[in-house]
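> You'll find input-v8.cif just under this line, and it carries mmCIF, C-alpha atoms.
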data_coords
loop_
_atom_site.label_atom_id
_atom_site.label_comp_id
_atom_site.auth_asym_id
_atom_site.auth_seq_id
_atom_site.Cartn_x
_atom_site.Cartn_y
_atom_site.Cartn_z
CA MET Q 1 74.61 92.73 -185.83
CA ALA Q 2 76.26 91.33 -188.98
CA GLU Q 3 77.73 93.75 -191.52
CA GLY Q 4 75.23 96.40 -190.50
CA PHE Q 5 72.25 94.04 -190.51
CA LYS Q 6 70.33 92.84 -187.48
CA LEU Q 7 70.11 89.07 -187.76
CA ASP Q 8 67.61 86.93 -185.83
CA GLN Q 9 68.12 83.24 -186.40
CA LYS Q 10 67.28 79.77 -185.25
CA HIS Q 11 67.80 76.47 -186.97
CA GLY Q 12 66.39 73.04 -186.40
CA LYS Q 13 64.82 69.81 -187.52
CA SER Q 14 61.12 69.19 -188.16
CA ARG Q 15 58.94 66.14 -188.85
CA VAL Q 16 60.88 63.72 -186.66
CA ARG Q 17 58.47 60.81 -186.32
CA VAL Q 18 59.12 58.74 -183.22
CA SER Q 19 57.10 55.92 -181.65
CA ARG Q 20 57.69 54.46 -178.21
CA VAL Q 21 56.16 51.27 -176.80
CA TRP Q 22 56.21 50.40 -173.13
CA ARG Q 23 55.63 46.73 -172.32
CA GLN Q 24 53.29 46.49 -169.34
CA PRO Q 25 51.82 42.97 -169.27
CA LEU Q 26 50.95 43.21 -165.54
CA SER Q 27 49.39 46.68 -165.44
CA GLY Q 28 46.79 47.10 -168.10
CA GLY Q 29 48.59 46.15 -171.27
CA ASP Q 30 51.14 47.81 -173.53
CA ALA Q 31 51.25 51.59 -173.99
CA ILE Q 32 52.22 53.33 -177.22
CA VAL Q 33 52.75 56.92 -178.33
CA GLU Q 34 53.50 58.31 -181.77
CA TRP Q 35 54.96 61.82 -181.84
CA ASN Q 36 55.83 64.21 -184.65
CA VAL Q 37 58.63 66.34 -183.21
CA SER Q 38 60.10 69.65 -184.34
CA VAL Q 39 63.20 71.15 -182.71
CA SER Q 40 64.56 74.69 -183.12
CA LEU Q 41 67.75 75.95 -181.46
CA PHE Q 42 68.63 79.56 -180.67
CA SER Q 43 72.42 79.58 -180.73
CA ASP Q 44 75.50 81.76 -181.13
CA CYS Q 45 76.44 80.66 -184.64
CA LEU Q 46 76.56 83.94 -186.55
CA PRO Q 47 79.74 82.98 -188.52
CA ALA Q 48 77.78 80.14 -190.16
CA TYR Q 49 75.63 82.78 -191.88
CA THR Q 50 78.26 85.44 -192.59
CA SER Q 51 81.35 83.41 -193.52
CA GLY Q 52 80.30 79.77 -193.91
CA ASP Q 53 81.91 78.69 -190.62
CA ASN Q 54 79.82 75.73 -189.37
CA SER Q 55 81.86 75.04 -186.24
CA ALA Q 56 78.99 76.09 -183.93
CA ILE Q 57 76.14 74.49 -185.89
CA VAL Q 58 74.36 71.51 -184.32
CA ALA Q 59 73.58 69.18 -187.21
CA THR Q 60 69.93 68.32 -187.79
CA ASP Q 61 71.01 64.67 -187.87
CA SER Q 62 72.17 65.07 -184.26
CA MET Q 63 68.81 66.61 -183.33
CA LYS Q 64 66.89 63.75 -184.94
CA ASN Q 65 68.99 61.07 -183.26
CA THR Q 66 68.70 62.85 -179.89
CA VAL Q 67 64.91 62.63 -180.14
CA TYR Q 68 65.16 58.88 -180.64
CA ALA Q 69 67.71 58.46 -177.83
CA LYS Q 70 65.71 60.49 -175.31
CA ALA Q 71 62.54 58.55 -176.15
CA LYS Q 72 64.42 55.32 -175.47
CA GLU Q 73 65.69 56.68 -172.15
CA CYS Q 74 62.09 57.21 -170.91
CA SER Q 75 61.76 53.97 -169.00
CA GLU Q 76 58.29 54.96 -167.76
CA VAL Q 77 55.34 56.31 -169.75
CA VAL Q 78 55.48 60.11 -169.99
CA SER Q 79 53.12 62.75 -171.32
CA VAL Q 80 53.90 64.60 -174.52
CA GLU Q 81 54.52 67.77 -172.47
CA VAL Q 82 57.06 66.05 -170.21
CA PHE Q 83 58.91 64.63 -173.22
CA ALA Q 84 59.03 68.08 -174.84
CA ILE Q 85 60.46 69.53 -171.62
CA ILE Q 86 63.07 66.75 -171.49
CA LEU Q 87 64.18 67.57 -175.04
CA ALA Q 88 64.16 71.35 -174.56
CA ARG Q 89 66.18 71.15 -171.35
CA HIS Q 90 68.70 68.81 -172.96
CA PHE Q 91 69.33 70.95 -176.04
CA SER Q 92 69.56 74.19 -174.04
CA SER Q 93 72.03 72.76 -171.52
CA PHE Q 94 74.08 70.21 -173.50
CA TYR Q 95 75.48 72.63 -176.10
CA PRO Q 96 77.36 75.67 -174.73
CA GLN Q 97 76.48 77.84 -177.75
CA VAL Q 98 72.72 77.14 -177.48
CA SER Q 99 70.87 79.74 -175.39
CA ALA Q 100 67.37 78.31 -175.78
CA ALA Q 101 65.54 75.40 -177.40
CA GLU Q 102 62.02 75.28 -178.78
CA VAL Q 103 60.27 71.92 -179.11
CA LYS Q 104 56.88 71.38 -180.76
CA ILE Q 105 55.18 67.97 -180.74
CA VAL Q 106 51.95 66.65 -182.23
CA GLU Q 107 50.76 63.37 -180.72
CA LYS Q 108 48.86 60.96 -182.94
CA PRO Q 109 45.67 59.75 -181.20
CA TRP Q 110 46.17 56.02 -180.80
CA GLU Q 111 43.43 54.64 -178.53
CA ARG Q 112 43.20 51.24 -176.90
CA MET Q 113 40.80 48.86 -178.65
CA VAL Q 114 37.90 47.35 -176.76
CA VAL Q 115 37.14 43.82 -177.95
CA SER Q 116 34.12 41.91 -176.62
CA GLY Q 117 33.72 44.57 -173.95
CA ARG Q 118 37.29 44.30 -172.66
CA PRO Q 119 40.33 46.58 -173.26
CA HIS Q 120 42.79 44.81 -175.53
CA SER Q 121 46.27 44.27 -174.08
CA HIS Q 122 48.14 45.36 -177.21
CA GLY Q 123 45.52 46.44 -179.78
CA PHE Q 124 44.96 50.09 -180.69
CA LYS Q 125 42.87 52.14 -183.12
CA LEU Q 126 43.45 55.63 -184.49
CA GLY Q 127 41.26 58.33 -182.95
CA SER Q 128 40.49 61.80 -184.28
CA GLU Q 129 41.67 64.90 -182.43
CA MET Q 130 45.39 65.32 -181.72
CA HIS Q 131 47.20 66.46 -178.59
CA THR Q 132 49.88 69.13 -179.15
CA THR Q 133 52.51 70.88 -177.06
CA GLU Q 134 55.07 73.65 -177.50
CA VAL Q 135 57.94 74.15 -175.05
CA THR Q 136 60.74 76.72 -174.98
CA ALA Q 137 63.46 76.26 -172.37
CA LYS Q 138 66.40 78.63 -171.80
CA LYS Q 139 69.78 77.75 -170.38
CA CYS Q 140 68.89 79.57 -167.15
CA GLY Q 141 65.85 77.30 -166.64
CA ALA Q 142 63.22 79.80 -167.78
CA LEU Q 143 60.33 77.99 -169.38
CA SER Q 144 57.34 78.62 -171.65
CA LEU Q 145 54.84 75.76 -171.86
CA ALA Q 146 51.69 75.44 -173.95
CA SER Q 147 49.40 72.53 -174.85
CA GLY Q 148 46.60 72.22 -177.35
CA ILE Q 149 44.14 70.25 -179.43
CA GLN Q 150 43.92 69.93 -183.20
CA GLN Q 151 41.02 68.63 -185.32
CA LEU Q 152 38.38 68.43 -182.61
CA SER Q 153 35.21 68.12 -184.73
CA LEU Q 154 31.96 69.15 -183.02
CA LEU Q 155 28.41 69.33 -184.41
CA LYS Q 156 24.92 69.89 -183.08
CA THR Q 157 21.84 69.56 -185.23
CA THR Q 158 19.83 72.34 -183.57
CA MET Q 159 19.96 75.06 -180.86
CA SER Q 160 21.91 77.43 -183.07
CA GLY Q 161 21.04 80.59 -184.98
CA PHE Q 162 22.44 83.75 -186.58
CA GLU Q 163 20.49 87.02 -186.60
CA GLU Q 164 20.85 90.82 -186.77
CA PHE Q 165 24.20 90.78 -188.59
CA VAL Q 166 25.33 93.46 -191.05
CA ARG Q 167 23.23 93.46 -194.20
CA ASP Q 168 24.17 95.23 -197.42
CA LYS Q 169 23.74 94.78 -201.16
CA TYR Q 170 26.11 91.80 -201.12
CA THR Q 171 24.20 89.88 -198.41
CA LEU Q 172 22.12 86.88 -199.44
CA LEU Q 173 22.17 84.94 -196.17
CA PRO Q 174 18.77 84.87 -194.42
CA GLU Q 175 18.50 85.30 -190.67
CA THR Q 176 17.60 82.19 -188.70
CA ARG Q 177 17.10 80.86 -185.19
CA GLU Q 178 17.21 77.25 -186.34
CA ARG Q 179 20.32 75.84 -187.98
CA MET Q 180 22.94 73.16 -187.61
CA MET Q 181 26.24 74.21 -186.05
CA ALA Q 182 29.50 72.44 -186.85
CA THR Q 183 33.14 73.37 -186.44
CA GLU Q 184 36.64 71.94 -186.18
CA VAL Q 185 38.27 73.31 -183.04
CA THR Q 186 41.97 74.16 -182.92
CA THR Q 187 43.05 75.44 -179.52
CA SER Q 188 46.18 76.06 -177.50
CA TRP Q 189 46.52 77.13 -173.89
CA ARG Q 190 49.55 78.52 -172.08
CA TYR Q 191 50.40 77.36 -168.58
CA THR Q 192 51.43 79.66 -165.75
CA TYR Q 193 54.72 77.82 -165.13
CA ASP Q 194 57.72 79.99 -166.09
CA HIS Q 195 60.61 77.89 -164.72
CA VAL Q 196 61.46 74.20 -164.96
CA SER Q 197 61.53 74.00 -161.15
CA GLN Q 198 57.76 74.70 -161.08
CA ILE Q 199 56.76 71.68 -163.17
CA PRO Q 200 54.59 69.29 -161.11
CA PRO Q 201 56.24 65.92 -160.34
CA ASP Q 202 53.24 63.90 -161.56
CA PRO Q 203 54.22 62.71 -165.09
CA PHE Q 204 50.56 62.45 -166.14
CA CYS Q 205 49.27 65.77 -164.79
CA PHE Q 206 49.41 67.36 -168.26
CA THR Q 207 47.61 64.41 -169.84
CA GLU Q 208 44.84 64.77 -167.24
CA ARG Q 209 44.66 68.52 -167.79
CA TYR Q 210 44.38 67.94 -171.56
CA LYS Q 211 41.40 65.63 -170.97
CA ASP Q 212 39.86 68.11 -168.52
CA VAL Q 213 40.15 71.05 -170.94
CA LYS Q 214 38.66 69.03 -173.79
CA LYS Q 215 35.74 68.03 -171.56
CA VAL Q 216 35.04 71.66 -170.57
CA LEU Q 217 35.19 72.80 -174.20
CA GLU Q 218 32.76 70.09 -175.30
CA GLU Q 219 30.34 70.61 -172.40
CA THR Q 220 30.22 74.36 -173.05
CA PHE Q 221 29.66 73.85 -176.78
CA PHE Q 222 26.81 71.34 -176.38
CA GLY Q 223 25.18 72.31 -173.08
CA PRO Q 224 23.14 69.88 -170.93
CA PRO Q 225 22.51 66.53 -172.65
CA ASP Q 226 18.70 66.78 -172.55
CA THR Q 227 18.19 70.44 -173.45
CA GLY Q 228 21.44 71.71 -174.96
CA VAL Q 229 22.31 75.42 -174.98
CA TYR Q 230 21.37 78.00 -177.62
CA SER Q 231 24.20 79.52 -179.65
CA PRO Q 232 23.50 82.91 -181.28
CA SER Q 233 26.83 82.78 -183.14
CA VAL Q 234 30.10 80.89 -183.37
CA GLN Q 235 31.79 83.94 -181.86
CA ASN Q 236 29.68 83.83 -178.71
CA THR Q 237 30.13 80.08 -178.28
CA LEU Q 238 33.90 80.40 -178.76
CA TYR Q 239 34.07 83.13 -176.10
CA LEU Q 240 32.05 81.08 -173.62
CA MET Q 241 34.27 78.05 -174.21
CA ALA Q 242 37.45 80.06 -173.63
CA LYS Q 243 36.01 81.75 -170.53
CA ALA Q 244 34.94 78.40 -169.06
CA VAL Q 245 38.48 77.02 -169.36
CA LEU Q 246 40.12 80.08 -167.78
CA ASN Q 247 37.61 80.15 -164.93
CA ARG Q 248 38.02 76.43 -164.26
CA PHE Q 249 41.81 75.97 -164.30
CA GLN Q 250 44.10 78.27 -162.34
CA ASP Q 251 47.26 76.84 -163.91
CA ILE Q 252 46.20 78.07 -167.38
CA ALA Q 253 47.16 81.70 -168.07
CA SER Q 254 45.63 82.15 -171.54
CA ILE Q 255 43.88 80.22 -174.28
CA HIS Q 256 43.57 80.67 -178.04
CA LEU Q 257 40.68 79.16 -180.01
CA ARG Q 258 40.10 78.88 -183.76
CA MET Q 259 36.65 77.60 -184.81
CA PRO Q 260 35.74 77.88 -188.50
CA ASN Q 261 32.02 77.61 -189.20
CA LEU Q 262 31.38 74.43 -191.21
CA HIS Q 263 28.11 75.32 -192.92
CA PHE Q 264 25.16 73.05 -193.51
CA LEU Q 265 22.85 75.13 -195.70
CA PRO Q 266 19.32 74.15 -196.76
CA VAL Q 267 18.84 73.55 -200.46
CA ASN Q 268 15.29 73.99 -201.79
CA LEU Q 269 14.47 71.27 -204.32
CA SER Q 270 10.72 71.81 -204.24
CA SER Q 271 8.56 71.14 -207.27
CA LYS Q 272 4.89 71.26 -208.16
CA GLU Q 273 4.60 67.61 -207.27
CA ASN Q 274 6.43 68.00 -203.94
CA PRO Q 275 6.49 71.66 -202.83
CA THR Q 276 7.92 70.92 -199.35
CA MET Q 277 10.92 68.81 -200.32
CA VAL Q 278 14.08 70.34 -198.88
CA LYS Q 279 17.53 68.74 -198.58
CA VAL Q 280 20.59 69.94 -196.74
CA ARG Q 281 24.09 70.27 -198.12
CA SER Q 282 27.37 71.06 -196.43
#
Could you spell out this file's structure in structure tokens?

Amino acid sequence: MAEGFKLDQKHGKSRVRVSRVWRQPLSGGDAIVEWNVSVSLFSDCLPAYTSGDNSAIVATDSMKNTVYAKAKECSEVVSVEVFAIILARHFSSFYPQVSAAEVKIVEKPWERMVVSGRPHSHGFKLGSEMHTTEVTAKKCGALSLASGIQQLSLLKTTMSGFEEFVRDKYTLLPETRERMMATEVTTSWRYTYDHVSQIPPDPFCFTERYKDVKKVLEETFFGPPDTGVYSPSVQNTLYLMAKAVLNRFQDIASIHLRMPNLHFLPVNLSSKENPTMVKVRS
């Protein structure tokens, strides 16, 4: 409480862009990551708000420089989740007044180039979807860990429809069992681990789980490669994708999916000369 008001606060630094290169000439070439890091600290610094006393405030400059220093200290390649845990544990334990630290990271999708059929030792290209993580660590070691995907664009040209929806005087959309289906998936899943002591020792286990989840989402969306799977709505497909992930991976406690429908609607440009001409617009 502060002067009769209940005050909830955290302060931090966002948009810390850090890149880390590991030189590995004898084991498959260089490795690179590019992370956009945000840090928020929950701390006992009430006087900073009520009386301008900054003696308990951790400067955002310190947070930014800590991100750089901790990236440099990672002598081996680490997943984005492991790096977020490293940062969250540091901030929550290093400063006595900090009770918990929240770290969010978006990883830019740099992928190794393949030139003349061979992986390039130090060449990379920018991919599409991005790997995300969000970690909160408390001083006592309690942990909340989530991972996710942003901008995963999926499209199928058939095996989709939309029928028997609510119709009223404002409805113009015709029912159909034949349409294109496209979306941009944003998803996050929360792991079952609730203490830092439970984190698996394998530094790449979260990277592998990220790939596994993405594969399950894509396979559920598209169905078998020869026949596909019919989708009666985006809602049903979203539910089936979420259910498939939860049924497949026991270390995932919950998942959140956002899938806007990117419409491709037929436009009738028929004329007397060409009565069947129809184009499609998005």
> Run the PyMOL selection byres ((chain Q and resi 87) around 12) against the file shown and list the residues it catches, as a ChimeraX atom specification.
/Q:37-41,63-71,73-74,80-86,88-94,100-105,134-138
> Counting only C-alpha atoms, figure out which residue out of Q:Lys139, Q:Thr176, Q:Ser233, Q:Glu34 gets nearest to Leu126 (chain Q).
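Counting only C-alpha atoms, the residue closest to Leu126 (chain Q) is Q:Glu34.
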> Have a look at CA of Ser19 (chain Q) and CA of Gly148 (chain Q) and let me know their distance in Å, one decimal.
19.9 Å
> Mind running region 118-181 of chain Q against region 192-211 of chain Q at 10 Å and telling me each contacting residue's nearest atom pair with the distance in Å (one decimal), counting all atoms listed in the file, chain and number ascending, as a tab-separated table?

residue	atom	partner	partner_atom	distance
Q:His131	CA	Q:Tyr210	CA	7.7
Q:Thr132	CA	Q:Tyr210	CA	9.4
Q:Thr133	CA	Q:Phe206	CA	10.0
Q:Thr136	CA	Q:Asp194	CA	9.9
Q:Ala137	CA	Q:Val196	CA	7.9
Q:Lys138	CA	Q:His195	CA	9.2
Q:Cys140	CA	Q:His195	CA	8.8
Q:Gly141	CA	Q:His195	CA	5.6
Q:Ala142	CA	Q:His195	CA	4.5
Q:Leu143	CA	Q:Asp194	CA	4.7
Q:Ser144	CA	Q:Asp194	CA	5.7
Q:Leu145	CA	Q:Tyr193	CA	7.0
Q:Ala146	CA	Q:Thr192	CA	9.2
Q:Ser147	CA	Q:Tyr210	CA	7.6
Q:Gly148	CA	Q:Tyr210	CA	7.5
Q:Ile149	CA	Q:Tyr210	CA	8.2
> Can you tell me which residues surround Glu111 (chain Q) at a distance of at most 12 Å, considering only C-alpha atoms, apart from same-chain residues fewer than 4 positions away, and format the answer as a count of residues only?
18
> Could you tell me how far CA of Pro174 (chain Q) sits from CA of Phe221 (chain Q), in Å to one decimal place?
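CA of Pro174 (chain Q) lies 23.5 Å from CA of Phe221 (chain Q).
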> Would you mind listing what lies within 7 Å of region 179-182 of chain Q as a ChimeraX atom specification, with all atoms listed in the file counted and same-chain residues fewer than 2 positions away left out?
/Q:154-158,160-161,176-177,261-264
> Evaluate the PyMOL selection byres ((chain Q and resi 244-258) around 6) here and jot the selected residues down as a VMD selection string.
chain Q and resid 185 to 192 241 to 243 259
> I'd like the neighbourhood of Gly223 (chain Q) as a PyMOL selection string, where a residue qualifies if any of its atoms comes within 12 Å (using all atoms listed in the file), though same-chain residues fewer than 3 positions away should be ignored.
chain Q and resi 156+158-160+215-220+226-231+237+240-241
